[in-house]
Structure formats: structure tokens, C-alpha cells
>>> print(open('run13.cif').read())   # mmCIF, C-alpha atoms (C1' of nucleotides)
data_target
loop_
_atom_site.group_PDB
_atom_site.id
_atom_site.type_symbol
_atom_site.label_atom_id
_atom_site.label_comp_id
_atom_site.auth_asym_id
_atom_site.auth_seq_id
_atom_site.Cartn_x
_atom_site.Cartn_y
_atom_site.Cartn_z
ATOM 1 C CA MET A 1 -23.847 -18.981 -2.199
ATOM 2 C CA GLU A 2 -23.973 -16.438 -4.969
ATOM 3 C CA ASP A 3 -27.451 -17.216 -6.208
ATOM 4 C CA SER A 4 -28.146 -13.545 -6.659
ATOM 5 C CA GLY A 5 -28.018 -13.597 -10.430
ATOM 6 C CA LEU A 6 -24.241 -13.210 -10.324
ATOM 7 C CA ARG A 7 -22.001 -15.743 -11.985
ATOM 8 C CA CYS A 8 -19.404 -17.340 -9.837
ATOM 9 C CA THR A 9 -16.132 -16.380 -11.471
ATOM 10 C CA PRO A 10 -12.754 -16.946 -9.832
ATOM 11 C CA GLN A 11 -12.128 -13.190 -9.566
ATOM 12 C CA ARG A 12 -15.476 -12.459 -7.987
ATOM 13 C CA TYR A 13 -15.089 -15.386 -5.631
ATOM 14 C CA ALA A 14 -11.653 -14.110 -4.598
ATOM 15 C CA VAL A 15 -13.035 -10.692 -3.682
ATOM 16 C CA MET A 16 -15.856 -12.217 -1.646
ATOM 17 C CA ALA A 17 -13.540 -14.699 0.052
ATOM 18 C CA PHE A 18 -11.082 -11.984 0.961
ATOM 19 C CA LEU A 19 -13.811 -9.866 2.524
ATOM 20 C CA MET A 20 -15.119 -12.802 4.541
ATOM 21 C CA GLU A 21 -11.653 -13.609 5.858
ATOM 22 C CA HIS A 22 -10.748 -9.996 6.629
ATOM 23 C CA PRO A 23 -13.342 -8.224 8.758
ATOM 24 C CA GLY A 24 -11.189 -5.068 8.941
ATOM 25 C CA HIS A 25 -13.016 -2.999 6.297
ATOM 26 C CA PRO A 26 -10.380 -2.860 3.548
ATOM 27 C CA THR A 27 -10.431 -0.234 0.797
ATOM 28 C CA ALA A 28 -10.880 -1.141 -2.873
ATOM 29 C CA THR A 29 -7.155 -0.695 -3.430
ATOM 30 C CA GLU A 30 -6.268 -2.972 -0.543
ATOM 31 C CA ILE A 31 -8.618 -5.623 -1.874
ATOM 32 C CA PHE A 32 -7.190 -5.249 -5.363
ATOM 33 C CA GLU A 33 -3.625 -5.653 -4.123
ATOM 34 C CA ALA A 34 -4.371 -8.524 -1.769
ATOM 35 C CA VAL A 35 -6.251 -10.497 -4.403
ATOM 36 C CA ASN A 36 -3.411 -9.995 -6.857
ATOM 37 C CA ARG A 37 -0.750 -11.336 -4.550
ATOM 38 C CA MET A 38 -2.040 -14.813 -5.424
ATOM 39 C CA ASP A 39 -3.971 -16.465 -8.233
ATOM 40 C CA PRO A 40 -6.330 -15.752 -9.782
ATOM 41 C CA ARG A 41 -5.204 -12.339 -10.967
ATOM 42 C CA SER A 42 -7.754 -9.604 -11.372
ATOM 43 C CA SER A 43 -7.506 -6.197 -12.990
ATOM 44 C CA ARG A 44 -8.380 -3.007 -11.189
ATOM 45 C CA ALA A 45 -11.523 -2.525 -13.256
ATOM 46 C CA THR A 46 -12.700 -6.029 -12.410
ATOM 47 C CA THR A 47 -12.131 -5.507 -8.720
ATOM 48 C CA TYR A 48 -14.225 -2.349 -8.828
ATOM 49 C CA ASN A 49 -16.872 -4.029 -11.007
ATOM 50 C CA ASN A 50 -17.157 -6.940 -8.630
ATOM 51 C CA LEU A 51 -17.347 -4.747 -5.563
ATOM 52 C CA ARG A 52 -20.151 -2.786 -7.226
ATOM 53 C CA ASP A 53 -21.985 -5.968 -8.200
ATOM 54 C CA LEU A 54 -21.616 -7.515 -4.754
ATOM 55 C CA VAL A 55 -22.871 -4.339 -3.114
ATOM 56 C CA GLN A 56 -25.875 -4.273 -5.461
ATOM 57 C CA ALA A 57 -26.571 -7.921 -4.707
ATOM 58 C CA GLY A 58 -26.585 -7.084 -1.012
ATOM 59 C CA LEU A 59 -23.669 -9.379 -0.174
ATOM 60 C CA VAL A 60 -21.230 -6.588 0.603
ATOM 61 C CA ARG A 61 -21.652 -3.240 2.306
ATOM 62 C CA GLU A 62 -19.839 -0.070 1.309
ATOM 63 C CA VAL A 63 -18.913 2.472 3.974
ATOM 64 C CA ALA A 64 -18.056 5.991 2.815
ATOM 65 C CA VAL A 65 -15.538 7.775 5.012
ATOM 66 C CA GLU A 66 -15.021 11.531 4.891
ATOM 67 C CA GLY A 67 -11.900 12.476 2.980
ATOM 68 C CA ARG A 68 -10.811 8.911 2.414
ATOM 69 C CA ALA A 69 -11.372 5.989 0.062
ATOM 70 C CA ALA A 70 -14.515 3.918 0.522
ATOM 71 C CA ARG A 71 -14.293 0.758 2.622
ATOM 72 C CA PHE A 72 -16.056 -2.553 2.286
ATOM 73 C CA ASP A 73 -17.222 -5.427 4.437
ATOM 74 C CA ALA A 74 -19.005 -8.726 3.859
ATOM 75 C CA ARG A 75 -22.504 -8.404 5.249
ATOM 76 C CA GLY A 76 -22.362 -10.870 8.113
ATOM 77 C CA LYS A 77 -24.268 -10.100 11.275
ATOM 78 C CA GLN A 78 -25.972 -6.729 11.377
ATOM 79 C CA HIS A 79 -23.733 -4.176 13.050
ATOM 80 C CA HIS A 80 -23.112 -0.469 13.469
ATOM 81 C CA HIS A 81 -19.880 1.315 12.596
ATOM 82 C CA PHE A 82 -17.314 3.290 14.527
ATOM 83 C CA ILE A 83 -15.138 5.612 12.417
ATOM 84 C CA CYS A 84 -11.953 7.042 13.905
ATOM 85 C CA ASP A 85 -11.594 10.796 13.402
ATOM 86 C CA ARG A 86 -7.850 10.499 13.320
ATOM 87 C CA CYS A 87 -6.801 7.336 11.488
ATOM 88 C CA GLY A 88 -10.006 6.772 9.524
ATOM 89 C CA ASN A 89 -10.287 3.124 10.492
ATOM 90 C CA VAL A 90 -13.736 1.601 10.522
ATOM 91 C CA GLU A 91 -14.664 -0.848 13.265
ATOM 92 C CA ASP A 92 -17.762 -2.947 13.817
ATOM 93 C CA MET A 93 -19.921 -2.160 16.819
ATOM 94 C CA GLU A 94 -22.395 -4.523 18.418
ATOM 95 C CA TRP A 95 -25.858 -4.241 16.915
ATOM 96 C CA TYR A 96 -28.805 -2.830 18.797
ATOM 97 C CA ASP A 97 -32.157 -1.641 17.561
ATOM 98 C CA ILE A 98 -32.748 2.027 16.832
ATOM 99 C CA PRO A 99 -36.130 3.700 16.994
ATOM 100 C CA LYS A 100 -37.406 4.255 13.448
ATOM 101 C CA PRO A 101 -38.554 7.698 12.331
ATOM 102 C CA THR A 102 -42.273 8.471 12.466
ATOM 103 C CA SER A 103 -44.127 8.122 9.186
ATOM 104 C CA GLY A 104 -44.753 11.855 9.344
ATOM 105 C CA THR A 105 -41.019 12.557 9.332
ATOM 106 C CA LEU A 106 -40.503 10.042 6.547
ATOM 107 C CA GLY A 107 -43.161 11.495 4.235
ATOM 108 C CA LYS A 108 -43.327 9.769 0.843
ATOM 109 C CA ARG A 109 -39.794 8.434 1.113
ATOM 110 C CA THR A 110 -39.156 4.683 0.991
ATOM 111 C CA LEU A 111 -36.985 3.551 3.884
ATOM 112 C CA ARG A 112 -34.619 0.663 3.212
ATOM 113 C CA GLU A 113 -32.292 0.730 6.180
ATOM 114 C CA CYS A 114 -31.153 2.667 9.196
ATOM 115 C CA GLU A 115 -27.465 2.934 9.940
ATOM 116 C CA LEU A 116 -25.820 4.262 13.059
ATOM 117 C CA ILE A 117 -22.331 5.719 12.799
ATOM 118 C CA PHE A 118 -20.255 6.524 15.856
ATOM 119 C CA ARG A 119 -17.382 8.965 15.564
ATOM 120 C CA GLY A 120 -14.453 9.657 17.829
ATOM 121 C CA LEU A 121 -11.064 8.102 18.501
ATOM 122 C CA CYS A 122 -10.397 4.385 18.256
ATOM 123 C CA THR A 123 -8.637 2.555 21.103
ATOM 124 C CA LYS A 124 -5.206 3.086 19.581
ATOM 125 C CA CYS A 125 -5.600 6.788 18.766
ATOM 126 C CA SER A 126 -7.268 7.408 22.116
ATOM 127 C CA ALA A 127 -4.164 6.114 23.891
ATOM 128 C CA GLN A 128 -1.793 8.093 21.675
ATOM 129 C CA CYS A 129 -3.647 11.345 22.325
ATOM 130 C CA ARG A 130 -3.344 10.892 26.083
ATOM 131 C CA VAL A 131 0.410 10.300 25.819
ATOM 132 C CA GLY A 132 1.302 12.712 22.954
ATOM 133 C CA MET B 1 -19.630 34.750 14.209
ATOM 134 C CA GLU B 2 -16.340 33.156 13.282
ATOM 135 C CA ASP B 3 -14.623 33.483 16.625
ATOM 136 C CA SER B 4 -13.145 30.066 16.151
ATOM 137 C CA GLY B 5 -9.624 31.267 15.461
ATOM 138 C CA LEU B 6 -10.457 31.651 11.779
ATOM 139 C CA ARG B 7 -10.025 34.976 10.046
ATOM 140 C CA CYS B 8 -13.057 36.351 8.367
ATOM 141 C CA THR B 9 -11.932 36.622 4.758
ATOM 142 C CA PRO B 10 -14.347 37.415 1.938
ATOM 143 C CA GLN B 11 -13.767 33.971 0.396
ATOM 144 C CA ARG B 12 -14.389 32.138 3.625
ATOM 145 C CA TYR B 13 -17.423 34.251 4.355
ATOM 146 C CA ALA B 14 -18.808 33.496 0.896
ATOM 147 C CA VAL B 15 -18.535 29.738 1.453
ATOM 148 C CA MET B 16 -20.242 29.968 4.835
ATOM 149 C CA ALA B 17 -22.960 32.289 3.517
ATOM 150 C CA PHE B 18 -23.668 29.991 0.590
ATOM 151 C CA LEU B 19 -24.042 26.995 2.869
ATOM 152 C CA MET B 20 -26.398 28.877 5.176
ATOM 153 C CA GLU B 21 -28.577 29.981 2.266
ATOM 154 C CA HIS B 22 -28.611 26.581 0.584
ATOM 155 C CA PRO B 23 -29.620 23.774 2.931
ATOM 156 C CA GLY B 24 -29.500 21.217 0.097
ATOM 157 C CA HIS B 25 -26.094 19.681 0.910
ATOM 158 C CA PRO B 26 -24.025 20.883 -2.049
ATOM 159 C CA THR B 27 -20.769 19.206 -3.096
ATOM 160 C CA ALA B 28 -17.418 21.012 -2.967
ATOM 161 C CA THR B 29 -17.564 21.520 -6.730
ATOM 162 C CA GLU B 30 -21.042 23.015 -6.561
ATOM 163 C CA ILE B 31 -19.930 25.393 -3.825
ATOM 164 C CA PHE B 32 -16.836 26.359 -5.793
ATOM 165 C CA GLU B 33 -18.866 27.112 -8.920
ATOM 166 C CA ALA B 34 -21.647 28.956 -7.121
ATOM 167 C CA VAL B 35 -19.240 31.173 -5.202
ATOM 168 C CA ASN B 36 -17.376 32.006 -8.396
ATOM 169 C CA ARG B 37 -20.444 33.136 -10.286
ATOM 170 C CA MET B 38 -20.211 36.356 -8.272
ATOM 171 C CA ASP B 39 -17.563 38.321 -6.405
ATOM 172 C CA PRO B 40 -15.443 37.637 -4.546
ATOM 173 C CA ARG B 41 -13.670 35.031 -6.652
ATOM 174 C CA SER B 42 -12.078 32.091 -4.975
ATOM 175 C CA SER B 43 -9.742 29.440 -6.315
ATOM 176 C CA ARG B 44 -10.500 25.756 -6.065
ATOM 177 C CA ALA B 45 -7.771 25.228 -3.479
ATOM 178 C CA THR B 46 -9.194 28.009 -1.326
ATOM 179 C CA THR B 47 -12.679 26.572 -1.474
ATOM 180 C CA TYR B 48 -11.350 23.191 -0.316
ATOM 181 C CA ASN B 49 -9.153 24.844 2.328
ATOM 182 C CA ASN B 50 -12.063 26.804 3.706
ATOM 183 C CA LEU B 51 -14.371 23.814 3.755
ATOM 184 C CA ARG B 52 -11.709 21.873 5.656
ATOM 185 C CA ASP B 53 -11.185 24.753 8.109
ATOM 186 C CA LEU B 54 -14.909 25.269 8.660
ATOM 187 C CA VAL B 55 -15.413 21.564 9.260
ATOM 188 C CA GLN B 56 -12.542 21.561 11.772
ATOM 189 C CA ALA B 57 -14.002 24.598 13.502
ATOM 190 C CA GLY B 58 -17.281 22.753 13.838
ATOM 191 C CA LEU B 59 -19.270 25.257 11.776
ATOM 192 C CA VAL B 60 -19.832 22.944 8.832
ATOM 193 C CA ARG B 61 -20.533 19.233 8.632
ATOM 194 C CA GLU B 62 -19.212 16.947 5.923
ATOM 195 C CA VAL B 63 -21.337 14.016 4.790
ATOM 196 C CA ALA B 64 -19.595 11.220 2.916
ATOM 197 C CA VAL B 65 -21.813 9.495 0.374
ATOM 198 C CA GLU B 66 -20.974 6.115 -1.115
ATOM 199 C CA GLY B 67 -19.662 6.392 -4.644
ATOM 200 C CA ARG B 68 -20.143 10.129 -4.841
ATOM 201 C CA ALA B 69 -18.441 13.371 -3.885
ATOM 202 C CA ALA B 70 -18.651 14.544 -0.282
ATOM 203 C CA ARG B 71 -21.441 16.953 0.617
ATOM 204 C CA PHE B 72 -21.540 19.782 3.116
ATOM 205 C CA ASP B 73 -24.039 21.591 5.283
ATOM 206 C CA ALA B 74 -23.908 24.468 7.744
ATOM 207 C CA ARG B 75 -24.383 23.026 11.211
ATOM 208 C CA GLY B 76 -27.710 24.538 12.145
ATOM 209 C CA LYS B 77 -30.106 22.510 14.268
ATOM 210 C CA GLN B 78 -29.047 18.970 15.003
ATOM 211 C CA HIS B 79 -30.509 16.602 12.439
ATOM 212 C CA HIS B 80 -30.173 13.161 10.925
ATOM 213 C CA HIS B 81 -29.632 12.429 7.250
ATOM 214 C CA PHE B 82 -31.541 10.586 4.575
ATOM 215 C CA ILE B 83 -29.470 9.476 1.567
ATOM 216 C CA CYS B 84 -31.236 8.425 -1.617
ATOM 217 C CA ASP B 85 -29.980 5.123 -3.047
ATOM 218 C CA ARG B 86 -30.792 6.240 -6.549
ATOM 219 C CA CYS B 87 -30.004 9.932 -6.973
ATOM 220 C CA GLY B 88 -27.590 10.313 -4.072
ATOM 221 C CA ASN B 89 -29.276 13.406 -2.684
ATOM 222 C CA VAL B 90 -28.915 14.056 1.008
ATOM 223 C CA GLU B 91 -31.886 15.389 2.950
ATOM 224 C CA ASP B 92 -32.230 16.520 6.538
ATOM 225 C CA MET B 93 -34.434 14.502 8.850
ATOM 226 C CA GLU B 94 -35.949 15.721 12.069
ATOM 227 C CA TRP B 95 -33.713 15.101 15.068
ATOM 228 C CA TYR B 96 -34.541 12.617 17.779
ATOM 229 C CA ASP B 97 -32.370 11.084 20.455
ATOM 230 C CA ILE B 98 -30.697 7.751 19.897
ATOM 231 C CA PRO B 99 -29.715 5.353 22.652
ATOM 232 C CA LYS B 100 -25.936 5.530 23.160
ATOM 233 C CA PRO B 101 -23.853 2.341 23.142
ATOM 234 C CA THR B 102 -23.012 0.743 26.465
ATOM 235 C CA SER B 103 -19.558 1.517 27.828
ATOM 236 C CA GLY B 104 -18.770 -2.171 27.427
ATOM 237 C CA THR B 105 -19.402 -1.973 23.688
ATOM 238 C CA LEU B 106 -17.410 1.226 23.475
ATOM 239 C CA GLY B 107 -14.324 -0.113 25.245
ATOM 240 C CA LYS B 108 -11.426 2.342 25.346
ATOM 241 C CA ARG B 109 -12.726 4.335 22.412
ATOM 242 C CA THR B 110 -13.559 8.034 22.822
ATOM 243 C CA LEU B 111 -17.026 8.823 21.525
ATOM 244 C CA ARG B 112 -17.527 12.260 19.976
ATOM 245 C CA GLU B 113 -20.844 11.942 18.188
ATOM 246 C CA CYS B 114 -23.541 9.581 17.029
ATOM 247 C CA GLU B 115 -24.977 9.945 13.567
ATOM 248 C CA LEU B 116 -28.045 8.245 12.170
ATOM 249 C CA ILE B 117 -28.265 7.696 8.433
ATOM 250 C CA PHE B 118 -31.414 6.545 6.708
ATOM 251 C CA ARG B 119 -31.204 4.987 3.286
ATOM 252 C CA GLY B 120 -33.828 4.350 0.665
ATOM 253 C CA LEU B 121 -35.560 6.344 -2.059
ATOM 254 C CA CYS B 122 -36.330 10.048 -1.742
ATOM 255 C CA THR B 123 -39.819 11.352 -2.506
ATOM 256 C CA LYS B 124 -38.993 12.014 -6.149
ATOM 257 C CA CYS B 125 -37.273 8.694 -6.873
ATOM 258 C CA SER B 126 -39.954 6.820 -4.938
ATOM 259 C CA ALA B 127 -42.614 8.223 -7.267
ATOM 260 C CA GLN B 128 -40.554 7.497 -10.388
ATOM 261 C CA CYS B 129 -40.040 3.873 -9.374
ATOM 262 C CA ARG B 130 -43.760 3.319 -8.962
ATOM 263 C CA VAL B 131 -44.456 4.716 -12.417
ATOM 264 C CA GLY B 132 -41.410 3.397 -14.353
ATOM 265 C "C1'" DA C 1 -3.294 55.621 10.721
ATOM 266 C "C1'" DT C 2 0.702 52.476 10.239
ATOM 267 C "C1'" DG C 3 3.582 48.580 10.475
ATOM 268 C "C1'" DT C 4 4.060 43.798 11.423
ATOM 269 C "C1'" DT C 5 3.121 39.199 10.994
ATOM 270 C "C1'" DA C 6 0.834 35.169 10.786
ATOM 271 C "C1'" DC C 7 -2.815 33.550 8.254
ATOM 272 C "C1'" DT C 8 -4.902 33.329 3.391
ATOM 273 C "C1'" DT C 9 -5.209 33.177 -1.413
ATOM 274 C "C1'" DT C 10 -3.804 31.752 -5.928
ATOM 275 C "C1'" DA C 11 -2.747 29.060 -10.352
ATOM 276 C "C1'" DG C 12 -1.494 25.157 -11.770
ATOM 277 C "C1'" DA C 13 0.937 20.877 -11.066
ATOM 278 C "C1'" DC C 14 0.295 16.696 -8.697
ATOM 279 C "C1'" DA C 15 -1.927 12.730 -6.426
ATOM 280 C "C1'" DT C 16 -5.449 9.545 -5.669
ATOM 281 C "C1'" DA C 17 -9.872 7.165 -6.470
ATOM 282 C "C1'" DA C 18 -12.878 5.405 -9.566
ATOM 283 C "C1'" DT C 19 -14.950 4.714 -14.273
ATOM 284 C "C1'" DC C 20 -14.949 3.877 -19.265
ATOM 285 C "C1'" DT C 21 -13.706 1.592 -23.634
ATOM 286 C "C1'" DA C 22 -13.326 -1.902 -26.870
ATOM 287 C "C1'" DA C 23 -11.395 -6.269 -27.632
ATOM 288 C "C1'" DC C 24 -11.085 -10.650 -25.714
ATOM 289 C "C1'" DT C 25 -12.523 -14.705 -22.588
ATOM 290 C "C1'" DT C 26 -15.463 -17.505 -19.758
ATOM 291 C "C1'" DT C 27 -19.590 -19.359 -17.744
ATOM 292 C "C1'" DC C 28 -23.512 -22.043 -18.092
ATOM 293 C "C1'" DA C 29 -28.261 -23.271 -19.885
ATOM 294 C "C1'" DG C 30 -29.864 -26.036 -23.323
ATOM 295 C "C1'" DC D 1 -20.784 -29.232 -27.030
ATOM 296 C "C1'" DT D 2 -22.242 -24.569 -28.375
ATOM 297 C "C1'" DG D 3 -23.761 -19.900 -28.479
ATOM 298 C "C1'" DA D 4 -24.875 -15.820 -26.263
ATOM 299 C "C1'" DA D 5 -24.809 -13.194 -22.249
ATOM 300 C "C1'" DA D 6 -21.936 -12.029 -18.641
ATOM 301 C "C1'" DG D 7 -17.333 -11.184 -17.177
ATOM 302 C "C1'" DT D 8 -12.349 -9.734 -17.712
ATOM 303 C "C1'" DT D 9 -8.521 -6.888 -19.261
ATOM 304 C "C1'" DA D 10 -4.992 -2.963 -19.940
ATOM 305 C "C1'" DG D 11 -4.775 1.384 -20.361
ATOM 306 C "C1'" DA D 12 -6.832 5.847 -21.098
ATOM 307 C "C1'" DT D 13 -9.911 9.011 -18.986
ATOM 308 C "C1'" DT D 14 -12.586 11.446 -15.577
ATOM 309 C "C1'" DA D 15 -13.501 13.007 -11.002
ATOM 310 C "C1'" DT D 16 -12.103 14.482 -6.714
ATOM 311 C "C1'" DG D 17 -9.039 16.411 -3.715
ATOM 312 C "C1'" DT D 18 -4.151 18.087 -2.162
ATOM 313 C "C1'" DC D 19 0.273 20.490 -2.500
ATOM 314 C "C1'" DT D 20 3.584 24.211 -3.571
ATOM 315 C "C1'" DA D 21 5.732 28.535 -3.535
ATOM 316 C "C1'" DA D 22 4.974 33.194 -4.258
ATOM 317 C "C1'" DA D 23 2.019 37.142 -3.420
ATOM 318 C "C1'" DG D 24 -1.699 39.282 -0.746
ATOM 319 C "C1'" DT D 25 -4.324 40.736 3.340
ATOM 320 C "C1'" DA D 26 -6.924 40.730 8.012
ATOM 321 C "C1'" DA D 27 -6.175 41.694 12.642
ATOM 322 C "C1'" DC D 28 -3.814 43.562 16.224
ATOM 323 C "C1'" DA D 29 -0.640 46.591 18.757
ATOM 324 C "C1'" DT D 30 1.223 50.732 18.568
#
>>> encode(input="run13.cif", output="C-alpha cells")
Amino acid sequence: MEDSGLRCTPQRYAVMAFLMEHPGHPTATEIFEAVNRMDPRSSRATTYNNLRDLVQAGLVREVAVEGRAARFDARGKQHHHFICDRCGNVEDMEWYDIPKPTSGTLGKRTLRECELIFRGLCTKCSAQCRVG
Amino acid sequence: MEDSGLRCTPQRYAVMAFLMEHPGHPTATEIFEAVNRMDPRSSRATTYNNLRDLVQAGLVREVAVEGRAARFDARGKQHHHFICDRCGNVEDMEWYDIPKPTSGTLGKRTLRECELIFRGLCTKCSAQCRVG
DNA sequence: ATGTTACTTTAGACATAATCTAACTTTCAG
DNA sequence: CTGAAAGTTAGATTATGTCTAAAGTAACAT
């Protein structure tokens, strides 16, 4: 499972397990608190360290959201992201292929991945705006 | 120019002017420091306030970058973004149309915009990696 | 021009997010 | 087992961004 050069410690396992069980893109703080509601305990620094390591190992993806704390998800199926302008929630969107840039546009850059981000109002906020 | 309900104050003008003259996606701190190297002076709070207002008015775009401070650009031509994994720099990429999601995928969400983000190594970091 | 008023600016305190430090503990290959 | 590299910890520190309350000013009507 974690044959990416990372040792399998209880704390690291807990972070990974939590992300796999909760597809809702939690923040680092939410992960830290959730993991610490049960054994094994984990300090804040460790939670951040492990998130960084898991992201580097390619097992977890970090999603930066404007004006808010970063969010994380376990890299399961490939997917795009929908970010709500109002509540900041991040939702998975079904994957579909995107045309890559031409090599002329790319120049001497090395392309690793292409990510599509949709913005607008999520289902809940959409409904509230119509009523409010 | 700023007929978006925003008053044209010297401080606000300075922020907008700086962004138009510097297409390199500066951070809020960089903007704050640059603006304050010359008149008119502007406090940190004002710089943040104005960035927020300009983003809300649609004149400036904010780009969240994983693990780093947010970056800003004046909304000129439509463009995509390339974010360097190593140095975090944000570069503009030539615009091209992206297929929108199907209404089934979208559900009851309200779509405002679609943003494409490329990740990898910028020209400079690409060269360094080959050498180092 | 002048007055009015809502919008802006300001300094500095406050809040939040994330990293660093240095001592201690654990994992795991051999 | 055992040792060394990797991981963990609490708490301080840095970085980033927001809030407050008082003072200032742009824009508009007169």
C-alpha cells in the first residue's frame, strides 16, 4: 500500500485512512481533529508532515482554495473539481479528457498534469440564493 | 475605468496600475511592498481591502497556489495558468476553449467559470533539473 | 465652490494557517 | 535483537490575512 518509500506509521496510516473514508475534501485542521478523536493521537506538526509526505508520494492531492485553508483528497479515480464561490466547498466532478496545449504554447516547460476547476455555486448555495 | 461601483482612490488606483504593469502574478505582500516604495502610501489592510474589492468587481483575478500565498493578476485577455511545482511561479498560458461539463454532471450547481491549470516545471526549473 | 455622506484609509491588534526546533521514539533491514 | 534513519512531539515561531474604531476623502447635488 505505502510502498512509496514512506514508512507505515500509525499516525500516517490514520491520515490516509481518514481521507479514503471521507471523500469530502477536508482541511488539514479537520483531519487533525478527526484523527485525534480516537487513537492513535497525532500532533499538529505530524499531521502536516504526513499530508506533505503523502502529497509528495502522489497518494494524496492538495487543492488550494482562494481565501481559505487548503483541502485534501485521497487520489482515487481521476476527477475534476468544483469549488463553490460562496461556501468554499470542493466537490468532485466526473472526469473527462481535456485537450492538451500545443507544444508551441508549452515551450520548454515540463507538463505533469492538467487540472480543470469549475467555479460557481454548489447545489445547496444555488438553492439558497434563489430563495434568499 | 472603474465604473464598477468602486471609488477611484489613489491607493486603489495604485494597486490596479501595478497589476497592469506587472503581469507576473505578484502576491499580496509583493503588491503591498511595491506600492509603498512610492507615493501614495497604503496600509496593509487597505491593500488587502482593495484586492478583495477588485476581485469582487471582476477586474482582478486571484489564483490560489498550494502551500503558498495567493497571487493576483489584472484580468486582461482570457488565459489559462501554468503553476511550477518547484518554484511556485504562475505563468499565463494561451487561451483555448475547453469542453464544458454535461448538464447531468453539473446537476443543480450554477456554473460561473471554467479554469484550466497546468502543473509541472517552468522553463527555468526544467533546465535546472536536467543539469542538477 | 460648498456641504453632505457614504465609502476609504489607517495603525495596530487579532486570528488563522502552516512551519520550525530540538529532544525523544519507532520502524525495519540486517 | 540492534542501530540508524525516519518519524513524532509540544510549543514557539512565522506567514498570511482580517478586524476595529477613529479619521479622512471622493463624488455628487446643490
>>> residues_near_point(input="run13.cif", point="(-2.6, -11.8, -19.2)", cutoff="10 Å", atoms="only C-alpha atoms (C1' of nucleotides)", output="list in words")
Arg41, Ser42 and Ser43 of chain A; DT9 and DA10 of chain D
>>> resolve_selection(input="run13.cif", expression="the PyMOL selection byres ((chain B) within 8 of (chain A))", output="ChimeraX atom specification")
/B:62-67,70,93-94,98-99,105-123,126
>>> residues_around(input="run13.cif", residues="range 6-9 of chain A", least_positions_apart="3", cutoff="12 Å", atoms="only C-alpha atoms (C1' of nucleotides)", output="CSV table (one decimal) with C-alpha atoms (C1' of nucleotides), in the frame of the given file")
chain,number,residue,atom,x,y,z
A,1,MET,CA,-23.8,-19.0,-2.2
A,2,GLU,CA,-24.0,-16.4,-5.0
A,3,ASP,CA,-27.5,-17.2,-6.2
A,12,ARG,CA,-15.5,-12.5,-8.0
A,13,TYR,CA,-15.1,-15.4,-5.6
A,14,ALA,CA,-11.7,-14.1,-4.6
A,15,VAL,CA,-13.0,-10.7,-3.7
A,16,MET,CA,-15.9,-12.2,-1.6
A,17,ALA,CA,-13.5,-14.7,0.1
A,40,PRO,CA,-6.3,-15.8,-9.8
A,41,ARG,CA,-5.2,-12.3,-11.0
A,42,SER,CA,-7.8,-9.6,-11.4
A,46,THR,CA,-12.7,-6.0,-12.4
A,47,THR,CA,-12.1,-5.5,-8.7
A,49,ASN,CA,-16.9,-4.0,-11.0
A,50,ASN,CA,-17.2,-6.9,-8.6
A,51,LEU,CA,-17.3,-4.7,-5.6
A,52,ARG,CA,-20.2,-2.8,-7.2
A,53,ASP,CA,-22.0,-6.0,-8.2
A,54,LEU,CA,-21.6,-7.5,-4.8
A,55,VAL,CA,-22.9,-4.3,-3.1
A,56,GLN,CA,-25.9,-4.3,-5.5
A,57,ALA,CA,-26.6,-7.9,-4.7
A,58,GLY,CA,-26.6,-7.1,-1.0
A,59,LEU,CA,-23.7,-9.4,-0.2
C,25,DT,C1',-12.5,-14.7,-22.6
C,26,DT,C1',-15.5,-17.5,-19.8
C,27,DT,C1',-19.6,-19.4,-17.7
C,28,DC,C1',-23.5,-22.0,-18.1
D,5,DA,C1',-24.8,-13.2,-22.2
D,6,DA,C1',-21.9,-12.0,-18.6
D,7,DG,C1',-17.3,-11.2,-17.2
D,8,DT,C1',-12.3,-9.7,-17.7
>>> axis_aligned_box(input="run13.cif", around="range 1-20 of chain C", padding_each_side="4 Å", output="JSON")
{"center_x": -5.4, "center_y": 29.7, "center_z": -3.9, "size_x": 27.0, "size_y": 59.7, "size_z": 38.7}
>>> resolve_selection(input="run13.cif", expression="the PyMOL selection byres ((chain B and resi 91) around 6)", output="ChimeraX atom specification")
/B:81-82,90,92
>>> atom_distance(input="run13.cif", atom1="CA of Ala28 in chain A", atom2="CA of Val60 in chain A")
12.2 Å
>>> residues_around(input="run13.cif", residues="DA29 in chain C", least_positions_apart="5", cutoff="12 Å", atoms="all atoms listed in the file", output="JSON, numbers by chain")
{"D": [1, 2, 3, 4, 5]}
>>> residues_around(input="run13.cif", residues="range 13-22 of chain D", least_positions_apart="2", cutoff="10 Å", atoms="all atoms listed in the file", output="PyMOL selection string")
(chain A and resi 67-68) or (chain B and resi 28-29+44-45+48-49+68-70) or (chain C and resi 10+12-21) or (chain D and resi 11+24)
>>> resolve_selection(input="run13.cif", expression="the PyMOL selection byres ((chain C) within 8 of (chain B))", output="PDB file with C-alpha atoms (C1' of nucleotides), in the frame of the given file")
ATOM      1  C1'  DC C   7      -2.815  33.550   8.254  1.00  0.00           C
ATOM      2  C1'  DT C   8      -4.902  33.329   3.391  1.00  0.00           C
ATOM      3  C1'  DT C   9      -5.209  33.177  -1.413  1.00  0.00           C
ATOM      4  C1'  DT C  10      -3.804  31.752  -5.928  1.00  0.00           C
TER       5       DT C  10
END
>>> atom_distance(input="run13.cif", atom1="C1' of DA26 in chain D", atom2="CA of Leu19 in chain B")
22.5 Å
>>> atom_distance(input="run13.cif", atom1="CA of Pro26 in chain A", atom2="CA of Asp73 in chain A")
7.4 Å
